[in-house]
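*Asks:* Next up, upload.cif (mmCIF, C-alpha atoms).
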data_upload
loop_
_atom_site.label_atom_id
_atom_site.label_comp_id
_atom_site.auth_asym_id
_atom_site.auth_seq_id
_atom_site.Cartn_x
_atom_site.Cartn_y
_atom_site.Cartn_z
CA MET M 1 -22.88 -24.30 -11.40
CA ILE M 2 -20.48 -21.39 -11.81
CA LEU M 3 -17.07 -22.25 -10.35
CA GLU M 4 -13.97 -20.08 -10.14
CA GLN M 5 -10.72 -21.03 -8.40
CA LEU M 6 -8.54 -18.10 -7.32
CA THR M 7 -5.16 -18.19 -5.61
CA VAL M 8 -5.14 -15.33 -3.11
CA GLY M 9 -3.20 -13.81 -0.25
CA SER M 10 0.30 -14.05 1.12
CA MET M 11 -0.03 -17.80 1.72
CA ALA M 12 -1.46 -18.70 -1.71
CA VAL M 13 -4.83 -19.96 -0.52
CA CYS M 14 -7.16 -21.50 -3.07
CA CYS M 15 -10.38 -19.50 -2.77
CA TYR M 16 -13.50 -20.67 -4.58
CA ILE M 17 -16.46 -18.77 -5.91
CA VAL M 18 -19.49 -21.03 -6.32
CA GLY M 19 -22.51 -19.55 -8.05
CA CYS M 20 -25.95 -20.64 -9.17
CA GLU M 21 -26.41 -20.01 -12.88
CA GLU M 22 -30.16 -19.61 -12.51
CA THR M 23 -30.47 -17.35 -9.45
CA ARG M 24 -27.00 -15.70 -9.65
CA LYS M 25 -26.58 -16.25 -5.92
CA ALA M 26 -23.06 -17.16 -4.77
CA ALA M 27 -20.87 -18.37 -1.94
CA VAL M 28 -17.21 -17.57 -1.44
CA ILE M 29 -15.23 -20.42 0.10
CA ASP M 30 -12.07 -19.50 2.03
CA PRO M 31 -11.42 -15.84 1.11
CA GLY M 32 -7.77 -15.75 2.12
CA GLY M 33 -7.10 -12.18 1.00
CA GLU M 34 -7.43 -9.99 -2.10
CA GLU M 35 -11.10 -9.27 -1.51
CA GLN M 36 -11.16 -6.78 -4.38
CA LEU M 37 -10.18 -9.53 -6.81
CA ILE M 38 -12.84 -11.82 -5.36
CA LEU M 39 -15.48 -9.11 -5.68
CA ALA M 40 -14.40 -8.32 -9.25
CA VAL M 41 -14.81 -11.95 -10.31
CA CYS M 42 -18.24 -12.08 -8.67
CA GLN M 43 -19.20 -8.89 -10.50
CA LYS M 44 -17.98 -10.34 -13.80
CA HIS M 45 -20.45 -13.20 -13.37
CA GLU M 46 -23.17 -10.87 -12.04
CA LEU M 47 -23.29 -12.81 -8.77
CA THR M 48 -24.69 -11.75 -5.41
CA VAL M 49 -22.59 -13.14 -2.58
CA GLU M 50 -24.86 -14.43 0.17
CA SER M 51 -22.47 -16.61 2.15
CA ILE M 52 -18.81 -16.81 3.11
CA ILE M 53 -17.97 -20.42 3.95
CA CYS M 54 -14.90 -21.33 6.00
CA THR M 55 -13.49 -24.82 5.51
CA HIS M 56 -11.56 -24.04 8.70
CA GLY M 57 -10.55 -21.09 10.81
CA HIS M 58 -6.83 -20.64 10.18
CA PRO M 59 -6.23 -16.94 9.48
CA ASP M 60 -4.73 -17.54 6.03
CA HIS M 61 -8.12 -18.88 4.91
CA VAL M 62 -10.37 -16.32 6.60
CA CYS M 63 -8.37 -13.08 6.61
CA ALA M 64 -10.67 -11.39 4.07
CA ASN M 65 -13.89 -12.46 5.81
CA ALA M 66 -14.49 -9.12 7.54
CA LYS M 67 -13.93 -6.98 4.44
CA LEU M 68 -15.94 -9.30 2.23
CA LYS M 69 -18.81 -9.32 4.72
CA GLU M 70 -18.68 -5.53 4.93
CA ALA M 71 -18.84 -5.24 1.14
CA THR M 72 -21.60 -7.80 0.55
CA GLY M 73 -23.51 -8.36 3.78
CA ALA M 74 -22.93 -12.09 3.33
CA ALA M 75 -23.29 -14.49 6.25
CA ILE M 76 -20.12 -16.14 7.59
CA ILE M 77 -20.56 -19.90 7.97
CA MET M 78 -18.29 -22.40 9.75
CA HIS M 79 -18.55 -25.65 11.67
CA GLU M 80 -19.79 -25.31 15.22
CA ALA M 81 -16.58 -26.84 16.65
CA GLU M 82 -14.45 -24.41 14.66
CA GLU M 83 -16.35 -21.41 15.97
CA GLU M 84 -15.68 -22.58 19.52
CA PHE M 85 -12.02 -23.51 18.94
CA PHE M 86 -11.01 -20.26 17.27
CA GLY M 87 -12.83 -18.25 19.91
CA ARG M 88 -10.37 -19.42 22.57
CA GLN M 89 -7.88 -16.80 23.71
CA ASP M 90 -4.96 -19.23 23.71
CA ILE M 91 -5.69 -20.19 20.10
CA ILE M 92 -6.08 -16.55 19.07
CA GLY M 93 -2.75 -15.81 20.72
CA TYR M 94 -0.98 -18.69 19.00
CA PHE M 95 -2.19 -17.96 15.47
CA SER M 96 -1.63 -14.23 15.83
CA MET M 97 1.98 -15.09 14.87
CA LEU M 98 0.77 -15.27 11.27
CA GLY M 99 0.04 -11.54 11.35
CA LEU M 100 -3.29 -11.96 9.58
CA PRO M 101 -6.81 -10.92 10.63
CA PHE M 102 -9.08 -13.50 12.21
CA SER M 103 -12.64 -14.00 11.06
CA PRO M 104 -15.47 -12.17 12.79
CA PRO M 105 -17.83 -14.52 14.66
CA ALA M 106 -19.85 -16.85 12.48
CA ASP M 107 -23.36 -15.78 11.60
CA LYS M 108 -24.31 -19.44 11.21
CA THR M 109 -22.70 -22.69 12.32
CA VAL M 110 -23.11 -26.06 10.64
CA LYS M 111 -22.47 -29.71 11.46
CA ASP M 112 -21.83 -32.89 9.52
CA GLY M 113 -24.55 -33.65 7.01
CA ASP M 114 -25.98 -30.15 6.84
CA VAL M 115 -26.65 -28.65 3.42
CA ILE M 116 -25.73 -25.08 2.53
CA GLU M 117 -27.91 -23.78 -0.29
CA VAL M 118 -26.38 -21.43 -2.84
CA GLY M 119 -29.38 -20.61 -4.96
CA LYS M 120 -30.22 -24.02 -6.38
CA VAL M 121 -26.73 -25.40 -5.76
CA GLN M 122 -26.49 -27.57 -2.67
CA LEU M 123 -23.22 -27.95 -0.76
CA LYS M 124 -23.22 -30.89 1.65
CA VAL M 125 -21.11 -30.39 4.76
CA ILE M 126 -18.65 -33.20 5.52
CA HIS M 127 -17.02 -32.74 8.92
CA SER M 128 -13.33 -33.48 8.36
CA PRO M 129 -11.41 -33.06 11.62
CA GLY M 130 -7.67 -33.62 11.81
CA HIS M 131 -6.19 -30.44 10.39
CA THR M 132 -8.40 -28.52 12.79
CA PRO M 133 -11.22 -29.76 15.09
CA GLY M 134 -14.01 -28.23 13.04
CA GLY M 135 -12.64 -28.49 9.53
CA ILE M 136 -15.13 -29.26 6.79
CA CYS M 137 -15.22 -30.33 3.17
CA LEU M 138 -18.08 -29.25 0.92
CA TYR M 139 -19.54 -31.71 -1.58
CA ALA M 140 -21.65 -30.87 -4.61
CA ALA M 141 -21.24 -33.79 -7.00
CA PRO M 142 -18.94 -34.10 -8.81
CA ASN M 143 -17.00 -31.44 -6.88
CA LEU M 144 -15.40 -31.61 -3.44
CA PHE M 145 -13.98 -28.45 -1.88
CA ALA M 146 -11.46 -30.05 0.46
CA GLY M 147 -9.92 -27.11 2.31
CA ASP M 148 -6.69 -28.19 3.98
CA THR M 149 -7.93 -31.73 4.57
CA LEU M 150 -6.58 -33.11 1.29
CA PHE M 151 -4.15 -31.66 -1.24
CA VAL M 152 -2.97 -33.00 -4.58
CA GLY M 153 -0.45 -35.60 -3.45
CA GLY M 154 -0.54 -34.42 0.15
CA VAL M 155 -2.63 -33.82 3.25
CA GLY M 156 -3.04 -30.95 5.68
CA ARG M 157 -0.42 -30.37 8.34
CA THR M 158 -1.20 -31.49 11.86
CA ASP M 159 1.53 -29.82 13.92
CA PHE M 160 -0.56 -26.76 14.79
CA PRO M 161 -2.80 -26.75 17.89
CA GLY M 162 -5.91 -28.81 17.21
CA GLY M 163 -4.17 -31.01 14.65
CA ASP M 164 -4.25 -34.81 14.84
CA THR M 165 -2.55 -36.94 12.19
CA LYS M 166 -4.36 -40.17 13.01
CA GLN M 167 -7.71 -38.41 12.98
CA LEU M 168 -6.95 -36.64 9.70
CA LEU M 169 -5.99 -39.83 7.87
CA ALA M 170 -9.06 -41.61 9.23
CA THR M 171 -11.23 -38.71 8.10
CA ILE M 172 -9.85 -38.84 4.57
CA LYS M 173 -10.16 -42.62 4.25
CA GLU M 174 -13.63 -42.84 5.79
CA ARG M 175 -15.28 -39.65 4.52
CA VAL M 176 -13.43 -38.60 1.36
CA LEU M 177 -12.14 -41.73 -0.35
CA THR M 178 -15.61 -43.25 -0.03
CA LEU M 179 -16.92 -40.66 -2.50
CA PRO M 180 -17.11 -41.64 -6.19
CA ALA M 181 -13.67 -42.01 -7.79
CA GLU M 182 -14.47 -39.34 -10.38
CA THR M 183 -15.12 -36.71 -7.69
CA VAL M 184 -13.00 -33.62 -8.43
CA VAL M 185 -10.90 -32.59 -5.45
CA TRP M 186 -10.40 -28.84 -5.16
CA PRO M 187 -7.71 -28.26 -2.49
CA GLY M 188 -7.15 -25.40 -0.07
CA HIS M 189 -3.65 -24.81 -1.48
CA GLY M 190 -2.26 -25.77 -4.85
CA TYR M 191 0.98 -27.22 -3.50
CA GLY M 192 0.87 -30.32 -5.71
CA GLY M 193 -1.53 -29.04 -8.33
CA ALA M 194 -4.74 -27.10 -8.77
CA ARG M 195 -7.05 -30.11 -8.65
CA SER M 196 -7.21 -33.88 -8.64
CA THR M 197 -9.78 -36.65 -8.23
CA VAL M 198 -10.65 -38.95 -5.38
CA GLY M 199 -9.58 -41.92 -7.47
CA GLU M 200 -6.20 -40.42 -8.29
CA GLU M 201 -5.49 -39.54 -4.66
CA ALA M 202 -6.49 -43.03 -3.51
CA ARG M 203 -4.06 -44.51 -6.04
CA SER M 204 -1.08 -42.19 -5.75
CA ASN M 205 -1.13 -39.94 -2.68
CA PRO M 206 1.77 -41.25 -0.58
CA PHE M 207 0.11 -40.21 2.68
CA LEU M 208 -2.82 -42.50 1.84
CA THR M 209 -0.96 -45.41 0.28
CA GLY M 210 1.65 -45.77 3.01
CA GLY M 211 4.49 -44.51 0.82
CA TRP M 212 5.73 -41.74 3.10
#
Output the file's structure as C-alpha coordinates, nothing else.

*Replies:*
Amino acid sequence: MILEQLTVGSMAVCCYIVGCEETRKAAVIDPGGEEQLILAVCQKHELTVESIICTHGHPDHVCANAKLKEATGAAIIMHEAEEEFFGRQDIIGYFSMLGLPFSPPADKTVKDGDVIEVGKVQLKVIHSPGHTPGGICLYAAPNLFAGDTLFVGGVGRTDFPGGDTKQLLATIKERVLTLPAETVVWPGHGYGGARSTVGEEARSNPFLTGGW
(Lines of atoms letter the chains of each structure in order from A and count residues from 1; the text may use other names and numbers.)
(Lines give C-alpha, C1' and ligand atoms only; values in the text may rest on other atoms or scores of the structure.)
Protein backbone atom coordinates (compact mmCIF):
# COMPACT_ATOMS: atom_id res chain seq x y z
CA MET A 1 0.00 0.00 0.00
CA ILE A 2 1.16 3.51 -0.84
CA LEU A 3 0.49 5.87 2.07
CA GLU A 4 1.16 9.59 2.29
CA GLN A 5 0.17 11.85 5.19
CA LEU A 6 -0.16 15.55 4.34
CA THR A 7 -1.04 18.42 6.65
CA VAL A 8 -3.26 20.77 4.65
CA GLY A 9 -5.46 23.82 4.92
CA SER A 10 -5.99 26.62 7.39
CA MET A 11 -6.91 24.19 10.18
CA ALA A 12 -3.98 21.78 9.68
CA VAL A 13 -6.02 18.74 8.71
CA CYS A 14 -4.20 15.45 8.24
CA CYS A 15 -5.10 14.33 4.72
CA TYR A 16 -4.16 10.85 3.56
CA ILE A 17 -3.44 9.49 0.12
CA VAL A 18 -3.90 5.73 -0.01
CA GLY A 19 -2.83 3.97 -3.18
CA CYS A 20 -2.63 0.45 -4.55
CA GLU A 21 0.90 -0.35 -5.67
CA GLU A 22 -0.31 -2.83 -8.26
CA THR A 23 -3.19 -0.98 -9.93
CA ARG A 24 -2.06 2.61 -9.11
CA LYS A 25 -5.62 3.43 -8.08
CA ALA A 26 -5.97 5.77 -5.10
CA ALA A 27 -8.28 7.32 -2.54
CA VAL A 28 -7.86 10.68 -0.86
CA ILE A 29 -9.09 10.76 2.73
CA ASP A 30 -10.15 14.14 4.12
CA PRO A 31 -8.85 16.69 1.57
CA GLY A 32 -8.97 19.72 3.84
CA GLY A 33 -7.48 22.17 1.36
CA GLU A 34 -4.40 22.57 -0.84
CA GLU A 35 -5.78 20.40 -3.61
CA GLN A 36 -2.83 21.24 -5.86
CA LEU A 37 -0.44 19.73 -3.33
CA ILE A 38 -2.62 16.64 -3.04
CA LEU A 39 -2.75 16.25 -6.82
CA ALA A 40 1.02 16.74 -7.10
CA VAL A 41 1.70 13.95 -4.60
CA CYS A 42 -0.70 11.66 -6.46
CA GLN A 43 1.07 12.50 -9.71
CA LYS A 44 4.45 11.77 -8.13
CA HIS A 45 3.25 8.24 -7.38
CA GLU A 46 1.49 7.93 -10.75
CA LEU A 47 -1.84 7.39 -9.01
CA THR A 48 -5.35 7.75 -10.39
CA VAL A 49 -7.70 9.11 -7.75
CA GLU A 50 -10.99 7.23 -7.88
CA SER A 51 -12.50 8.13 -4.52
CA ILE A 52 -12.59 10.98 -2.02
CA ILE A 53 -13.47 9.57 1.39
CA CYS A 54 -14.80 11.79 4.19
CA THR A 55 -14.24 10.58 7.74
CA HIS A 56 -16.82 13.23 8.60
CA GLY A 57 -18.43 16.30 7.11
CA HIS A 58 -16.90 19.23 8.99
CA PRO A 59 -15.83 21.81 6.40
CA ASP A 60 -12.18 21.79 7.47
CA HIS A 61 -11.98 18.15 6.34
CA VAL A 62 -13.96 18.43 3.10
CA CYS A 63 -13.28 21.93 1.79
CA ALA A 64 -11.23 20.67 -1.18
CA ASN A 65 -13.75 17.98 -2.16
CA ALA A 66 -15.34 19.99 -4.98
CA LYS A 67 -12.05 21.03 -6.60
CA LEU A 68 -10.54 17.58 -6.23
CA LYS A 69 -13.62 15.98 -7.74
CA GLU A 70 -13.53 18.46 -10.62
CA ALA A 71 -9.87 17.66 -11.29
CA THR A 72 -10.12 13.87 -11.04
CA GLY A 73 -13.75 12.82 -11.47
CA ALA A 74 -13.43 10.84 -8.24
CA ALA A 75 -16.52 9.75 -6.31
CA ILE A 76 -17.20 11.43 -2.95
CA ILE A 77 -17.93 8.85 -0.24
CA MET A 78 -19.30 9.42 3.27
CA HIS A 79 -21.45 7.65 5.84
CA GLU A 80 -25.16 7.74 5.14
CA ALA A 81 -25.90 9.52 8.45
CA GLU A 82 -23.31 12.19 7.67
CA GLU A 83 -24.81 12.91 4.27
CA GLU A 84 -28.18 13.48 5.92
CA PHE A 85 -26.82 15.54 8.85
CA PHE A 86 -24.73 17.93 6.77
CA GLY A 87 -27.58 18.40 4.33
CA ARG A 88 -29.67 20.13 6.99
CA GLN A 89 -30.01 23.88 6.59
CA ASP A 90 -29.49 24.57 10.29
CA ILE A 91 -26.23 22.62 10.25
CA ILE A 92 -25.07 24.33 7.07
CA GLY A 93 -25.84 27.68 8.69
CA TYR A 94 -23.95 26.84 11.88
CA PHE A 95 -20.76 25.58 10.23
CA SER A 96 -20.72 28.39 7.69
CA MET A 97 -19.00 30.35 10.50
CA LEU A 98 -15.80 28.52 9.57
CA GLY A 99 -15.79 30.29 6.21
CA LEU A 100 -14.89 27.12 4.32
CA PRO A 101 -16.66 25.36 1.44
CA PHE A 102 -18.90 22.41 2.20
CA SER A 103 -18.66 19.16 0.30
CA PRO A 104 -20.87 18.55 -2.72
CA PRO A 105 -23.40 15.75 -2.16
CA ALA A 106 -21.92 12.30 -1.78
CA ASP A 107 -21.81 10.11 -4.85
CA LYS A 108 -21.91 7.05 -2.61
CA THR A 109 -22.84 6.50 1.02
CA VAL A 110 -21.55 3.73 3.27
CA LYS A 111 -22.45 2.14 6.58
CA ASP A 112 -20.64 0.22 9.29
CA GLY A 113 -18.90 -2.87 7.98
CA ASP A 114 -18.83 -1.82 4.34
CA VAL A 115 -15.56 -2.17 2.45
CA ILE A 116 -14.23 0.53 0.13
CA GLU A 117 -11.91 -0.95 -2.48
CA VAL A 118 -8.92 1.08 -3.61
CA GLY A 119 -7.51 -1.15 -6.30
CA LYS A 120 -6.57 -4.22 -4.27
CA VAL A 121 -6.45 -2.30 -0.99
CA GLN A 122 -9.54 -2.76 1.15
CA LEU A 123 -10.65 -0.10 3.63
CA LYS A 124 -13.19 -1.37 6.15
CA VAL A 125 -15.68 1.23 7.35
CA ILE A 126 -16.04 1.51 11.12
CA HIS A 127 -18.92 3.79 12.08
CA SER A 128 -17.57 5.99 14.88
CA PRO A 129 -20.25 8.43 16.03
CA GLY A 130 -19.60 10.94 18.78
CA HIS A 131 -17.65 13.71 17.08
CA THR A 132 -20.37 13.77 14.43
CA PRO A 133 -23.34 11.40 13.88
CA GLY A 134 -21.90 9.78 10.78
CA GLY A 135 -18.19 9.86 11.50
CA ILE A 136 -16.17 6.88 10.32
CA CYS A 137 -12.76 5.34 10.77
CA LEU A 138 -11.17 3.35 7.96
CA TYR A 139 -9.26 0.16 8.75
CA ALA A 140 -6.76 -1.60 6.52
CA ALA A 141 -4.55 -3.64 8.84
CA PRO A 142 -2.28 -2.51 10.34
CA ASN A 143 -3.51 1.03 9.63
CA LEU A 144 -6.49 2.91 11.06
CA PHE A 145 -7.44 6.29 9.60
CA ALA A 146 -9.23 7.72 12.61
CA GLY A 147 -10.45 11.13 11.43
CA ASP A 148 -11.39 13.27 14.42
CA THR A 149 -12.51 10.27 16.48
CA LEU A 150 -9.10 9.70 18.09
CA PHE A 151 -5.99 11.85 18.22
CA VAL A 152 -2.56 11.15 19.69
CA GLY A 153 -3.25 11.69 23.37
CA GLY A 154 -6.68 13.17 22.73
CA VAL A 155 -10.14 12.67 21.26
CA GLY A 156 -12.38 14.69 18.98
CA ARG A 157 -14.30 17.63 20.38
CA THR A 158 -17.98 17.14 21.11
CA ASP A 159 -19.22 20.69 21.67
CA PHE A 160 -20.34 21.21 18.07
CA PRO A 161 -23.87 20.24 16.96
CA GLY A 162 -24.09 16.46 16.60
CA GLY A 163 -21.35 15.84 19.16
CA ASP A 164 -21.82 13.47 22.10
CA THR A 165 -19.00 12.83 24.57
CA LYS A 166 -20.45 9.66 26.06
CA GLN A 167 -21.07 8.22 22.62
CA LEU A 168 -17.59 9.14 21.40
CA LEU A 169 -15.82 7.48 24.32
CA ALA A 170 -17.99 4.37 23.95
CA THR A 171 -17.19 4.28 20.24
CA ILE A 172 -13.46 4.43 20.87
CA LYS A 173 -13.48 1.79 23.60
CA GLU A 174 -15.80 -0.61 21.79
CA ARG A 175 -14.73 -0.16 18.16
CA VAL A 176 -11.16 1.16 18.18
CA LEU A 177 -9.43 -0.19 21.27
CA THR A 178 -10.65 -3.67 20.36
CA LEU A 179 -8.39 -3.62 17.29
CA PRO A 180 -4.92 -5.20 17.60
CA ALA A 181 -2.58 -3.20 19.86
CA GLU A 182 -0.08 -2.74 17.04
CA THR A 183 -2.65 -0.99 14.83
CA VAL A 184 -1.23 2.34 13.65
CA VAL A 185 -3.55 5.24 14.41
CA TRP A 186 -3.45 8.00 11.80
CA PRO A 187 -5.36 10.99 13.25
CA GLY A 188 -7.38 13.72 11.58
CA HIS A 189 -5.16 16.41 13.14
CA GLY A 190 -1.62 16.10 14.44
CA TYR A 191 -2.28 17.94 17.69
CA GLY A 192 -0.38 15.44 19.85
CA GLY A 193 1.69 13.84 17.13
CA ALA A 194 1.50 12.52 13.59
CA ARG A 195 0.63 8.94 14.54
CA SER A 196 0.32 6.49 17.40
CA THR A 197 -0.87 2.94 18.02
CA VAL A 198 -4.00 1.51 19.55
CA GLY A 199 -1.94 0.00 22.34
CA GLU A 200 -0.24 3.29 23.17
CA GLU A 201 -3.53 5.19 23.25
CA ALA A 202 -5.13 2.55 25.47
CA ARG A 203 -2.21 2.89 27.89
CA SER A 204 -1.63 6.63 27.94
CA ASN A 205 -4.47 8.67 26.43
CA PRO A 206 -5.91 10.53 29.44
CA PHE A 207 -9.39 10.66 27.90
CA LEU A 208 -9.42 6.84 27.81
CA THR A 209 -7.68 6.10 31.09
CA GLY A 210 -9.73 8.45 33.22
CA GLY A 211 -6.86 10.87 33.79
CA TRP A 212 -8.58 14.04 32.58

*Asks:* The PyMOL selection byres ((chain M and resi 5-12) around 12) - which residues does that actually catch in the file I just gave you? List them as a PyMOL selection string.

*Replies:* chain M and resi 2-4+13-19+28-42+58-64+98-101+145+185-191+193-195

*Asks:* Evaluate the PyMOL selection byres ((chain M and resi 113-129) around 8) and record the selected residues as number ranges by chain, following the chain and residue labels used in the document.

*Replies:* M: 1, 18-20, 22-27, 50-51, 79, 110-112, 130-140, 149, 167-168, 171-172, 175

*Asks:* If you measure from CA of Pro180 (chain M) to CA of Ser204 (chain M), what distance in Å do you get, rounded to one decimal?

*Replies:*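 Distance between the two atoms: 16.0 Å.
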
*Asks:* To one decimal place in Å, what is the distance between CA of Ala181 (chain M) and CA of Gly147 (chain M)?

*Replies:*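 According to the coordinates, CA of Ala181 (chain M) and CA of Gly147 (chain M) are separated by 18.4 Å.
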
*Asks:* Distance CA of His56 (chain M)-CA of Glu83 (chain M), one decimal place?

*Replies:* 9.1 Å

*Asks:* Name the residues that the PyMOL selection byres ((chain M and resi 199) around 9) pulls out of this structure, and write them as a PDB file with C-alpha atoms, in the frame of the given file.

*Replies:*
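Saved result, expr_5.pdb, follows:
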ATOM      1  CA  LEU M 177     -12.140 -41.730  -0.350  1.00  0.00           C
ATOM      2  CA  LEU M 179     -16.920 -40.660  -2.500  1.00  0.00           C
ATOM      3  CA  PRO M 180     -17.110 -41.640  -6.190  1.00  0.00           C
ATOM      4  CA  ALA M 181     -13.670 -42.010  -7.790  1.00  0.00           C
ATOM      5  CA  GLU M 182     -14.470 -39.340 -10.380  1.00  0.00           C
ATOM      6  CA  THR M 183     -15.120 -36.710  -7.690  1.00  0.00           C
ATOM      7  CA  SER M 196      -7.210 -33.880  -8.640  1.00  0.00           C
ATOM      8  CA  THR M 197      -9.780 -36.650  -8.230  1.00  0.00           C
ATOM      9  CA  VAL M 198     -10.650 -38.950  -5.380  1.00  0.00           C
ATOM     10  CA  GLU M 200      -6.200 -40.420  -8.290  1.00  0.00           C
ATOM     11  CA  GLU M 201      -5.490 -39.540  -4.660  1.00  0.00           C
ATOM     12  CA  ALA M 202      -6.490 -43.030  -3.510  1.00  0.00           C
ATOM     13  CA  ARG M 203      -4.060 -44.510  -6.040  1.00  0.00           C
ATOM     14  CA  SER M 204      -1.080 -42.190  -5.750  1.00  0.00           C
TER      15      SER M 204
END

*Asks:* Could you give me the axis-aligned bounding box of region 121-126 of chain M, with 3 Å of padding per side, as centre plus edge lengths in Å to one decimal, as lines of an AutoDock Vina configuration file?

*Replies:*
center_x = -22.7
center_y = -29.3
center_z = -0.1
size_x = 14.1
size_y = 13.8
size_z = 17.3

*Asks:* Would you mind listing what lies within 7 Å of region 205-208 of chain M as a list in words, with only C-alpha atoms counted and same-chain residues fewer than 5 positions away left out?

*Replies:*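 Contacts, in chain order: Gly153, Gly154 and Val155 of chain M.
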
*Asks:* Include C-alpha atoms and write out the residues we just selected as a short mmCIF file (atom, residue, chain, number, x, y, z; two decimals), in the frame of the given file.

*Replies:*
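Final file, part05.cif:
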data_model
loop_
_atom_site.label_atom_id
_atom_site.label_comp_id
_atom_site.auth_asym_id
_atom_site.auth_seq_id
_atom_site.Cartn_x
_atom_site.Cartn_y
_atom_site.Cartn_z
CA GLY M 153 -0.45 -35.60 -3.45
CA GLY M 154 -0.54 -34.42 0.15
CA VAL M 155 -2.63 -33.82 3.25
#

*Asks:* Would you fill the gaps in region 129-165 of chain M so it has N, CA and C atoms, then print it as a short mmCIF file (atom, residue, chain, number, x, y, z; two decimals), keeping the file's coordinate frame?

*Replies:*
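File written: out15.cif
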data_model
loop_
_atom_site.label_atom_id
_atom_site.label_comp_id
_atom_site.auth_asym_id
_atom_site.auth_seq_id
_atom_site.Cartn_x
_atom_site.Cartn_y
_atom_site.Cartn_z
N PRO M 129 -12.40 -33.46 10.62
CA PRO M 129 -11.41 -33.06 11.62
C PRO M 129 -10.05 -33.71 11.38
N GLY M 130 -9.03 -33.10 11.93
CA GLY M 130 -7.67 -33.62 11.81
C GLY M 130 -6.69 -32.49 11.57
N HIS M 131 -6.99 -31.65 10.59
CA HIS M 131 -6.19 -30.44 10.39
C HIS M 131 -6.55 -29.43 11.46
N THR M 132 -7.85 -29.29 11.68
CA THR M 132 -8.40 -28.52 12.79
C THR M 132 -9.62 -29.29 13.32
N PRO M 133 -10.09 -28.99 14.54
CA PRO M 133 -11.22 -29.76 15.09
C PRO M 133 -12.52 -29.63 14.30
N GLY M 134 -12.75 -28.46 13.73
CA GLY M 134 -14.01 -28.23 13.04
C GLY M 134 -13.86 -28.02 11.55
N GLY M 135 -12.82 -28.60 10.97
CA GLY M 135 -12.64 -28.49 9.53
C GLY M 135 -13.77 -29.17 8.78
N ILE M 136 -14.09 -28.65 7.62
CA ILE M 136 -15.13 -29.26 6.79
C ILE M 136 -14.68 -29.33 5.34
N CYS M 137 -15.24 -30.30 4.62
CA CYS M 137 -15.22 -30.33 3.17
C CYS M 137 -16.64 -30.04 2.71
N LEU M 138 -16.77 -29.58 1.49
CA LEU M 138 -18.08 -29.25 0.92
C LEU M 138 -18.25 -30.03 -0.37
N TYR M 139 -19.34 -30.78 -0.45
CA TYR M 139 -19.54 -31.71 -1.58
C TYR M 139 -20.78 -31.32 -2.38
N ALA M 140 -20.55 -31.08 -3.65
CA ALA M 140 -21.65 -30.87 -4.61
C ALA M 140 -21.24 -31.64 -5.85
N ALA M 141 -21.69 -32.87 -5.95
CA ALA M 141 -21.24 -33.79 -7.00
C ALA M 141 -21.22 -33.11 -8.36
N PRO M 142 -20.09 -33.25 -9.09
CA PRO M 142 -18.94 -34.10 -8.81
C PRO M 142 -17.79 -33.38 -8.12
N ASN M 143 -18.07 -32.28 -7.43
CA ASN M 143 -17.00 -31.44 -6.88
C ASN M 143 -16.91 -31.56 -5.36
N LEU M 144 -15.66 -31.63 -4.87
CA LEU M 144 -15.40 -31.61 -3.44
C LEU M 144 -14.42 -30.49 -3.14
N PHE M 145 -14.85 -29.54 -2.32
CA PHE M 145 -13.98 -28.45 -1.88
C PHE M 145 -13.38 -28.91 -0.55
N ALA M 146 -12.08 -29.27 -0.61
CA ALA M 146 -11.46 -30.05 0.46
C ALA M 146 -10.75 -29.22 1.51
N GLY M 147 -10.65 -27.90 1.34
CA GLY M 147 -9.92 -27.11 2.31
C GLY M 147 -8.51 -27.64 2.47
N ASP M 148 -8.02 -27.66 3.71
CA ASP M 148 -6.69 -28.19 3.98
C ASP M 148 -6.74 -29.63 4.48
N THR M 149 -7.85 -30.31 4.23
CA THR M 149 -7.93 -31.73 4.57
C THR M 149 -7.08 -32.56 3.61
N LEU M 150 -7.25 -32.31 2.31
CA LEU M 150 -6.58 -33.11 1.29
C LEU M 150 -6.06 -32.21 0.18
N PHE M 151 -4.78 -32.36 -0.13
CA PHE M 151 -4.15 -31.66 -1.24
C PHE M 151 -3.90 -32.64 -2.38
N VAL M 152 -3.38 -32.13 -3.49
CA VAL M 152 -2.97 -33.00 -4.58
C VAL M 152 -1.63 -33.62 -4.17
N GLY M 153 -1.66 -34.91 -3.87
CA GLY M 153 -0.45 -35.60 -3.45
C GLY M 153 -0.03 -35.32 -2.03
N GLY M 154 -0.90 -34.74 -1.23
CA GLY M 154 -0.54 -34.42 0.15
C GLY M 154 -1.78 -34.33 1.03
N VAL M 155 -1.55 -34.03 2.30
CA VAL M 155 -2.63 -33.82 3.25
C VAL M 155 -2.28 -32.61 4.10
N GLY M 156 -3.26 -32.11 4.84
CA GLY M 156 -3.04 -30.95 5.68
C GLY M 156 -2.07 -31.23 6.81
N ARG M 157 -1.36 -30.21 7.23
CA ARG M 157 -0.42 -30.37 8.34
C ARG M 157 -1.18 -30.55 9.64
N THR M 158 -0.53 -31.21 10.58
CA THR M 158 -1.20 -31.49 11.86
C THR M 158 -0.37 -31.06 13.06
N ASP M 159 0.66 -30.24 12.82
CA ASP M 159 1.53 -29.82 13.92
C ASP M 159 1.07 -28.54 14.59
N PHE M 160 0.01 -27.91 14.11
CA PHE M 160 -0.56 -26.76 14.79
C PHE M 160 -1.49 -27.24 15.91
N PRO M 161 -1.80 -26.38 16.88
CA PRO M 161 -2.80 -26.75 17.89
C PRO M 161 -4.11 -27.19 17.23
N GLY M 162 -4.67 -28.27 17.76
CA GLY M 162 -5.91 -28.81 17.21
C GLY M 162 -5.70 -29.85 16.13
N GLY M 163 -4.45 -30.03 15.69
CA GLY M 163 -4.17 -31.01 14.65
C GLY M 163 -3.99 -32.41 15.22
N ASP M 164 -4.36 -33.42 14.41
CA ASP M 164 -4.25 -34.81 14.84
C ASP M 164 -4.06 -35.67 13.59
N THR M 165 -2.86 -36.19 13.41
CA THR M 165 -2.55 -36.94 12.19
C THR M 165 -3.42 -38.18 12.04
#
